[in-house]
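Trainee: Following this line is coords-v7.pdb, made up of PDB, C-alpha atoms:
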ATOM      1  CA  MET K   1       1.533   4.245  21.718
ATOM      2  CA  ASN K   2       2.832   7.757  21.448
ATOM      3  CA  ALA K   3       0.212  10.437  22.086
ATOM      4  CA  GLU K   4       1.829  12.622  19.407
ATOM      5  CA  PHE K   5       1.141  10.062  16.689
ATOM      6  CA  SER K   6      -1.153  11.180  13.863
ATOM      7  CA  ILE K   7      -2.369   9.949  10.505
ATOM      8  CA  ARG K   8      -3.566  12.131   7.656
ATOM      9  CA  PRO K   9      -4.306  11.802   3.947
ATOM     10  CA  ALA K  10      -1.392  12.773   1.727
ATOM     11  CA  LEU K  11      -1.438  16.023  -0.207
ATOM     12  CA  ALA K  12       0.199  16.800  -3.558
ATOM     13  CA  ALA K  13       2.985  18.589  -1.676
ATOM     14  CA  ASP K  14       3.821  15.264   0.031
ATOM     15  CA  VAL K  15       4.970  13.540  -3.170
ATOM     16  CA  PRO K  16       8.705  13.839  -2.312
ATOM     17  CA  LEU K  17       8.043  12.213   1.077
ATOM     18  CA  ILE K  18       5.947   9.472  -0.522
ATOM     19  CA  LEU K  19       8.731   8.725  -3.018
ATOM     20  CA  ASP K  20      11.249   8.590  -0.166
ATOM     21  CA  PHE K  21       9.058   6.068   1.672
ATOM     22  CA  ILE K  22       8.693   4.001  -1.514
ATOM     23  CA  ARG K  23      12.471   3.900  -1.926
ATOM     24  CA  ARG K  24      13.021   2.964   1.720
ATOM     25  CA  LEU K  25      10.405   0.210   1.495
ATOM     26  CA  ALA K  26      12.049  -1.121  -1.658
ATOM     27  CA  GLU K  27      15.428  -1.205   0.109
ATOM     28  CA  TYR K  28      13.895  -3.100   3.036
ATOM     29  CA  GLU K  29      12.298  -5.602   0.642
ATOM     30  CA  LYS K  30      15.565  -5.936  -1.301
ATOM     31  CA  LEU K  31      13.794  -4.613  -4.406
ATOM     32  CA  ALA K  32      15.373  -1.166  -4.800
ATOM     33  CA  HIS K  33      16.396  -2.043  -8.358
ATOM     34  CA  MET K  34      12.710  -2.192  -9.322
ATOM     35  CA  VAL K  35      11.791   1.383  -8.359
ATOM     36  CA  VAL K  36      11.291   3.509 -11.454
ATOM     37  CA  ALA K  37       8.706   5.893  -9.990
ATOM     38  CA  ASP K  38       9.620   9.559  -9.873
ATOM     39  CA  GLU K  39       7.892  12.640  -8.470
ATOM     40  CA  ALA K  40       6.211  13.596 -11.748
ATOM     41  CA  LEU K  41       4.743  10.121 -12.245
ATOM     42  CA  LEU K  42       3.553   9.899  -8.647
ATOM     43  CA  SER K  43       1.995  13.372  -8.825
ATOM     44  CA  GLU K  44      -0.003  12.363 -11.887
ATOM     45  CA  GLN K  45      -1.054   8.959 -10.557
ATOM     46  CA  LEU K  46      -1.849  10.047  -6.999
ATOM     47  CA  PHE K  47      -3.257  13.537  -7.557
ATOM     48  CA  GLY K  48      -4.033  13.832 -11.272
ATOM     49  CA  PRO K  49      -7.509  13.934 -12.818
ATOM     50  CA  ARG K  50      -7.831  10.119 -12.973
ATOM     51  CA  ALA K  51      -6.308   9.337  -9.589
ATOM     52  CA  HIS K  52      -7.749   6.253  -7.886
ATOM     53  CA  VAL K  53      -4.961   5.657  -5.381
ATOM     54  CA  GLU K  54      -4.844   7.077  -1.871
ATOM     55  CA  VAL K  55      -1.995   7.528   0.585
ATOM     56  CA  LEU K  56      -2.095   7.899   4.343
ATOM     57  CA  LEU K  57       0.908   9.440   6.045
ATOM     58  CA  ALA K  58       1.806   8.711   9.654
ATOM     59  CA  PHE K  59       3.711  11.141  11.855
ATOM     60  CA  GLU K  60       5.260  11.184  15.298
ATOM     61  CA  GLY K  61       4.836  14.836  16.087
ATOM     62  CA  ASP K  62       6.129  16.537  12.922
ATOM     63  CA  THR K  63       8.453  13.643  12.025
ATOM     64  CA  PRO K  64       7.288  11.329   9.224
ATOM     65  CA  ALA K  65       6.984   7.777  10.564
ATOM     66  CA  GLY K  66       5.374   5.737   7.790
ATOM     67  CA  PHE K  67       2.813   5.463   5.054
ATOM     68  CA  ALA K  68       0.116   3.301   3.523
ATOM     69  CA  VAL K  69      -0.795   3.241  -0.177
ATOM     70  CA  PHE K  70      -4.187   1.759  -1.043
ATOM     71  CA  PHE K  71      -6.978   1.689  -3.591
ATOM     72  CA  HIS K  72     -10.387   0.153  -4.120
ATOM     73  CA  ASN K  73     -10.788  -3.168  -5.874
ATOM     74  CA  PHE K  74     -13.985  -5.125  -6.458
ATOM     75  CA  SER K  75     -15.224  -8.567  -5.471
ATOM     76  CA  THR K  76     -17.662 -10.014  -7.967
ATOM     77  CA  PHE K  77     -18.576 -12.726  -5.456
ATOM     78  CA  LEU K  78     -19.443 -10.204  -2.756
ATOM     79  CA  GLY K  79     -20.800  -7.639  -5.188
ATOM     80  CA  ARG K  80     -18.942  -4.987  -3.206
ATOM     81  CA  LYS K  81     -15.775  -2.992  -3.401
ATOM     82  CA  GLY K  82     -12.835  -3.689  -1.136
ATOM     83  CA  ILE K  83      -9.613  -2.008  -0.156
ATOM     84  CA  TRP K  84      -6.304  -3.333  -1.451
ATOM     85  CA  LEU K  85      -3.335  -2.233   0.625
ATOM     86  CA  GLU K  86      -0.472  -1.916  -1.845
ATOM     87  CA  ASP K  87       2.201  -0.798   0.597
ATOM     88  CA  LEU K  88       2.522  -0.332   4.340
ATOM     89  CA  PHE K  89       5.820   0.882   5.717
ATOM     90  CA  VAL K  90       7.030   2.242   9.034
ATOM     91  CA  LEU K  91      10.586   3.509   9.326
ATOM     92  CA  PRO K  92      12.807   0.967  11.097
ATOM     93  CA  GLU K  93      13.659   3.411  13.880
ATOM     94  CA  MET K  94       9.929   3.983  14.523
ATOM     95  CA  ARG K  95       8.883   0.316  14.651
ATOM     96  CA  GLY K  96       7.643  -1.310  17.823
ATOM     97  CA  ARG K  97       5.561   1.732  18.791
ATOM     98  CA  GLY K  98       2.247   0.513  17.365
ATOM     99  CA  TYR K  99       2.321   2.777  14.309
ATOM    100  CA  GLY K 100       1.887  -0.020  11.760
ATOM    101  CA  LYS K 101      -1.062  -1.327  13.728
ATOM    102  CA  ARG K 102      -2.642   2.113  13.852
ATOM    103  CA  LEU K 103      -2.243   2.529  10.093
ATOM    104  CA  LEU K 104      -3.910  -0.852   9.530
ATOM    105  CA  LEU K 105      -6.705   0.010  11.952
ATOM    106  CA  LYS K 106      -7.274   3.310  10.153
ATOM    107  CA  LEU K 107      -7.560   1.444   6.840
ATOM    108  CA  ALA K 108      -9.907  -1.145   8.345
ATOM    109  CA  GLY K 109     -12.030   1.728   9.645
ATOM    110  CA  LEU K 110     -12.092   3.309   6.176
ATOM    111  CA  ALA K 111     -13.104  -0.030   4.666
ATOM    112  CA  ALA K 112     -15.982  -0.313   7.141
ATOM    113  CA  GLU K 113     -17.071   3.332   6.618
ATOM    114  CA  ARG K 114     -17.018   2.897   2.845
ATOM    115  CA  GLY K 115     -19.076  -0.289   2.910
ATOM    116  CA  CYS K 116     -16.266  -2.511   1.687
ATOM    117  CA  GLY K 117     -16.635  -6.267   1.749
ATOM    118  CA  ARG K 118     -12.970  -6.976   2.395
ATOM    119  CA  PHE K 119      -9.537  -5.536   3.131
ATOM    120  CA  GLU K 120      -6.583  -7.335   1.557
ATOM    121  CA  TRP K 121      -2.858  -7.140   0.941
ATOM    122  CA  ALA K 122       0.127  -9.283  -0.001
ATOM    123  CA  VAL K 123       3.305  -9.919   1.980
ATOM    124  CA  LEU K 124       6.622 -11.355   0.879
ATOM    125  CA  ASP K 125       7.061 -14.984   1.957
ATOM    126  CA  TRP K 126      10.316 -14.282   3.804
ATOM    127  CA  ASN K 127       8.902 -11.394   5.862
ATOM    128  CA  GLN K 128       8.009 -13.455   8.938
ATOM    129  CA  PRO K 129       7.789 -10.486  11.343
ATOM    130  CA  SER K 130       5.085  -8.922   9.148
ATOM    131  CA  ILE K 131       3.310 -12.249   8.643
ATOM    132  CA  ASP K 132       3.199 -12.783  12.408
ATOM    133  CA  PHE K 133       1.999  -9.209  12.938
ATOM    134  CA  TYR K 134      -0.825  -9.568  10.403
ATOM    135  CA  LYS K 135      -1.924 -12.894  11.870
ATOM    136  CA  SER K 136      -1.982 -11.332  15.346
ATOM    137  CA  LEU K 137      -4.605  -8.891  14.019
ATOM    138  CA  GLY K 138      -6.807 -11.694  12.724
ATOM    139  CA  ALA K 139      -5.701 -11.637   9.076
ATOM    140  CA  VAL K 140      -5.492 -15.014   7.377
ATOM    141  CA  PRO K 141      -3.252 -15.980   4.450
ATOM    142  CA  LEU K 142      -5.028 -17.112   1.280
ATOM    143  CA  GLU K 143      -3.104 -20.306   0.704
ATOM    144  CA  ASP K 144      -5.170 -21.378  -2.311
ATOM    145  CA  TRP K 145      -4.294 -18.294  -4.382
ATOM    146  CA  THR K 146      -1.207 -17.373  -6.392
ATOM    147  CA  ILE K 147      -0.610 -13.812  -7.556
ATOM    148  CA  PHE K 148       0.319 -13.448 -11.222
ATOM    149  CA  ARG K 149       1.968 -10.380 -12.722
ATOM    150  CA  VAL K 150       2.762  -9.150 -16.216
ATOM    151  CA  THR K 151       5.214  -6.238 -16.593
ATOM    152  CA  GLY K 152       7.692  -4.685 -18.986
ATOM    153  CA  ASP K 153       8.176  -6.387 -22.347
ATOM    154  CA  ALA K 154       5.611  -9.084 -21.584
ATOM    155  CA  LEU K 155       2.971  -6.413 -20.906
ATOM    156  CA  ARG K 156       3.888  -4.541 -24.088
ATOM    157  CA  LYS K 157       3.574  -7.798 -26.082
ATOM    158  CA  LEU K 158       0.141  -8.499 -24.624
ATOM    159  CA  GLY K 159      -0.879  -4.936 -25.454
ATOM    160  CA  GLU K 160       0.183  -5.470 -29.044
ATOM    161  CA  MET K 161      -1.717  -8.769 -29.159
ATOM    162  CA  ALA K 162      -4.817  -6.971 -27.895
ATOM    163  CA  LYS K 163      -4.789  -4.751 -30.986
ATOM    164  CA  GLN K 164      -5.193  -7.866 -33.144
ATOM    165  CA  VAL K 165      -8.279  -9.296 -31.459
TER     166      VAL K 165
END
Mind turning the file's structure into structure tokens?
Mentor:
Amino acid sequence: MNAEFSIRPALAADVPLILDFIRRLAEYEKLAHMVVADEALLSEQLFGPRAHVEVLLAFEGDTPAGFAVFFHNFSTFLGRKGIWLEDLFVLPEMRGRGYGKRLLLKLAGLAAERGCGRFEWAVLDWNQPSIDFYKSLGAVPLEDWTIFRVTGDALRKLGEMAKQV
């Protein structure tokens, strides 16, 4: 691992960099068409008065290398909060240097420091290099669970239905 590698919490001034990482991650995941975030929205959500999302930025010297976006969730069974890793991304040209592992270790350390009961994330089924990497760190896939999502028009319809109950 490079001795010049560092990780720090993101600042409001980092929003353009965060958005660039989001767009690069979306390209890698073949989901660029789904990115609607912009700097104003990210500034509000990440650094506004009701912000509950955190970002870690990774650097090789002064050069941005990657990021991790995470937030706390809650396990009713454990009665404790956890950390949900929404996104982890290391630039392709910076991979293979241990930076992804160090970001994950930093998050695991935060989870332990904050008294979390678990640390979780999702990975695309086709992303075998990431799946292998996560398993090598002791992570296990939750094969009995399926993630459901409601977005766009379906979410708006449910919101309208909620007004009637």
Trainee: Set out as a Markdown table a contact list for stretch 53-88 of chain K and stretch 108-114 of chain K with a cut-off of 9 Å, giving each residue of stretch 53-88 of chain K that qualifies its closest atom pair and distance in Å to one decimal, counting all atoms listed in the file, ordered by chain and rising residue number.
Mentor:
| residue | atom | partner | partner_atom | distance |
| --- | --- | --- | --- | --- |
| K:Lys81 | CA | K:Arg114 | CA | 8.7 |
| K:Gly82 | CA | K:Ala111 | CA | 6.9 |
| K:Ile83 | CA | K:Ala111 | CA | 6.3 |
Trainee: For the structure provided, state which residues fall under the PyMOL selection byres ((chain K and resi 102-104) around 12), and present them as a PyMOL selection string.
Mentor: chain K and resi 1-2+5-9+55-59+65-70+83-90+95-101+105-111+119-121+133-134+137-139
Trainee: What is the distance, in Å and to one decimal place, between atom CA of K:Pro49 and atom CA of K:Phe74?
Mentor: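 Those two atoms sit 21.1 Å apart.
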Trainee: Per residue of stretch 37-142 of chain K within 7 Å of stretch 13-32 of chain K, record the nearest atom pair and its distance in Å to one decimal, counting only C-alpha atoms, with rows in chain order and ascending residue number, as JSON lines.
Mentor:
{"residue": "K:Asp38", "atom": "CA", "partner": "K:Leu19", "partner_atom": "CA", "distance": 7.0}
{"residue": "K:Glu39", "atom": "CA", "partner": "K:Val15", "partner_atom": "CA", "distance": 6.1}
{"residue": "K:Leu42", "atom": "CA", "partner": "K:Val15", "partner_atom": "CA", "distance": 6.7}
{"residue": "K:Ser43", "atom": "CA", "partner": "K:Val15", "partner_atom": "CA", "distance": 6.4}
{"residue": "K:Phe89", "atom": "CA", "partner": "K:Leu25", "partner_atom": "CA", "distance": 6.3}
Trainee: Please indicate the distance in Å from atom CA of K:Asn73 to atom CA of K:Val53, rounded to one decimal place.
Mentor: 10.6 Å
Trainee: Between atom CA of K:Gly115 and atom CA of K:Phe71, what distance in Å does the model show, to one decimal?
Mentor: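 Atom-to-atom, atom CA of K:Gly115 to atom CA of K:Phe71, that is 13.9 Å.
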Trainee: List the neighbours of stretch 145-155 of chain K out to 9 Å using all atoms listed in the file; skip same-chain residues closer than 4 positions along the sequence, and give me the result as a ChimeraX atom specification.
Mentor: /K:122,159-160
